[in-house]
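K.L.:
Let me give you the structure first, and then I'll get to my questions.
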Amino acid sequence: MANTQAQFGFRHIGFLSGGAPDYQMSTYPIQSTYSTLIGFGDPVIQNSTAAATAPFIIQATGSLATAGPIVGIFVGCEYVAANGVTQWSPYWVGSASTTAIGYVIDAPNAKFLVASLQTAITSANIGWVANFTTGAPATTGGAFSIATLDQSTATAAGGTSASALPFKIVGLYPGVGNGSDPTTNYNWVVVTFNNQIFKSPVGW
């Protein structure tokens, strides 16, 4: 059955073999005035312009992700609203009264399910690395990320340029139904981190 387009960001589905199933999440600060929405399932990166003592996270883009290692995948936040009440949100809403707390899956051996941007990713691409595309999440229906894996950037692992790409393809979607056909556009794939703060060979 041909796939239909369905973006949902990076959905956590487990861990590579040998990794403890701890659903490792860490907290990172979000600057109260950061106005870009961050969706549930968006890759995030530390803001290179922030002070070293306050490494605020921001929504990663494909270009930012190759300029430095990503932190992980965003899964919600707590912030203080204008009325002084602490709120939980699955996405970053674009402003808060004080510095917010972002929750990020940053376990270096975590695995995620993600949709391909358009052209199918096949079993021949397993082991390759790739970048992603993203944009503003829809604020209804859970505010999920619209990030996809950009198959046009997929390349065999190895070399300086490949080491900068944020994700490694480790499998195809093992389920049935939409996303499971590797012969048509918009199929789904399983990835893990490639260039990420706890896997990068350099500091961040």
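Residues in the structure tokens are numbered from 1 in each chain, the chains being A, B, ... in the order shown, and ligands are numbered from 1 in the order shown.
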I need the alpha helix (DSSP H) residues of segment 80-199 of chain A per DSSP on the backbone, written as a list in words.
P.N.:
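Those residues are Thr160, Ser161, Ala162 and Ser163 of chain A.
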K.L.:
Export N, CA and C atoms of the chosen residues as a PDB file, in the first residue's frame?
P.N.:
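Final file, again_34.pdb:
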ATOM      1  N   THR A 160      34.465  13.514   7.142  1.00  0.00           N
ATOM      2  CA  THR A 160      34.179  14.684   7.969  1.00  0.00           C
ATOM      3  C   THR A 160      32.752  15.190   7.787  1.00  0.00           C
ATOM      4  N   SER A 161      32.296  15.284   6.541  1.00  0.00           N
ATOM      5  CA  SER A 161      30.961  15.818   6.301  1.00  0.00           C
ATOM      6  C   SER A 161      29.883  14.908   6.881  1.00  0.00           C
ATOM      7  N   ALA A 162      30.061  13.600   6.795  1.00  0.00           N
ATOM      8  CA  ALA A 162      29.080  12.668   7.346  1.00  0.00           C
ATOM      9  C   ALA A 162      29.039  12.729   8.864  1.00  0.00           C
ATOM     10  N   SER A 163      30.180  12.954   9.498  1.00  0.00           N
ATOM     11  CA  SER A 163      30.214  12.978  10.962  1.00  0.00           C
ATOM     12  C   SER A 163      29.438  14.155  11.524  1.00  0.00           C
TER      13      SER A 163
END
K.L.:
Excluding Phe10 of chain A and residues on its chain fewer than 5 positions from it, collect all residues at most 7 Å away from it, counting only C-alpha atoms, and give them as a list in words.
P.N.:
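My reading of the contact set: Gly41, Asp42, Phe112, Leu113 and Val114 of chain A.
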K.L.:
In chain A, what's strand (DSSP E) per DSSP? Answer as JSON, numbers by chain?
P.N.:
{"A": [11, 12, 13, 14, 15, 25, 26, 27, 28, 29, 30, 43, 44, 45, 46, 57, 58, 59, 72, 73, 74, 75, 76, 77, 78, 79, 80, 86, 87, 88, 89, 100, 101, 102, 103, 104, 105, 110, 111, 112, 113, 114, 115, 128, 129, 130, 131, 132, 133, 148, 149, 150, 151, 152, 153, 154, 155, 156, 167, 168, 169, 170, 171, 172, 188, 189, 190, 191, 192, 193]}
K.L.:
Counting only C-alpha atoms, what is within 8 Å of segment 130-144 of chain A, bar same-chain residues fewer than 6 positions away, as a list in words?
P.N.:
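Residues meeting the cut-off are Phe8, Gly9, Thr36, Leu37, Ile38, Gly39, Phe40, Gly41, Asp42, Thr61, Gly62, Ala65, Pro90, Tyr91, Leu117, Asp150, Gln151, Thr153, Ala154, Thr155, Ala162, Leu165, Pro166, Phe167, Lys168 and Ile169 of chain A.
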K.L.:
Find the spatial neighbours of Ala120 of chain A, counting only C-alpha atoms, within a cut-off of 9 Å - ignore same-chain residues fewer than 2 positions away - and output them as a ChimeraX atom specification.
P.N.:
/A:116-118,122,151,181-188
K.L.:
Can you work out which one of A:Val75, A:Leu149, A:Ile58, A:Val190 has the shortest atom-to-atom distance to Ile126 of chain A, counting only C-alpha atoms?
P.N.:
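Looking only at the distances to Ile126 of chain A, the closest residue turns out to be A:Val190.
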K.L.:
Restricting the calculation to only C-alpha atoms: of A:Ala2, A:Ala67, A:Ile57, A:Ala100, which residue gets closest to Ala81 of chain A?
P.N.:
A:Ala100
K.L.:
Please report the interatomic distance between atom CA of Ser200 of chain A and atom CA of Ala156 of chain A in Å with one decimal.
P.N.:
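The value is 17.7 Å.
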K.L.:
Out of A:Pro108, A:Gly68, A:Pro55, A:Gly158, which residue has the shortest atom-to-atom distance to Val191 of chain A when counting only C-alpha atoms?
P.N.:
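Among the listed residues, the smallest separation from Val191 of chain A belongs to A:Pro108.
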K.L.:
If I take atom CA of Pro69 of chain A and atom CA of Val44 of chain A, how far is one from the other in Å, to one decimal?
P.N.:
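Rounded to one decimal, the two atoms are 9.6 Å apart.
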K.L.:
Residues at most 10 Å from Tyr79 of chain A, counting only C-alpha atoms, excluding those fewer than 4 positions away in the same chain, as a ChimeraX atom specification?
P.N.:
/A:30,32,84-89,92-93,95-102
K.L.:
Please indicate the distance in Å from atom CA of Gly72 of chain A to atom CA of Gly175 of chain A, rounded to one decimal place.
P.N.:
24.6 Å
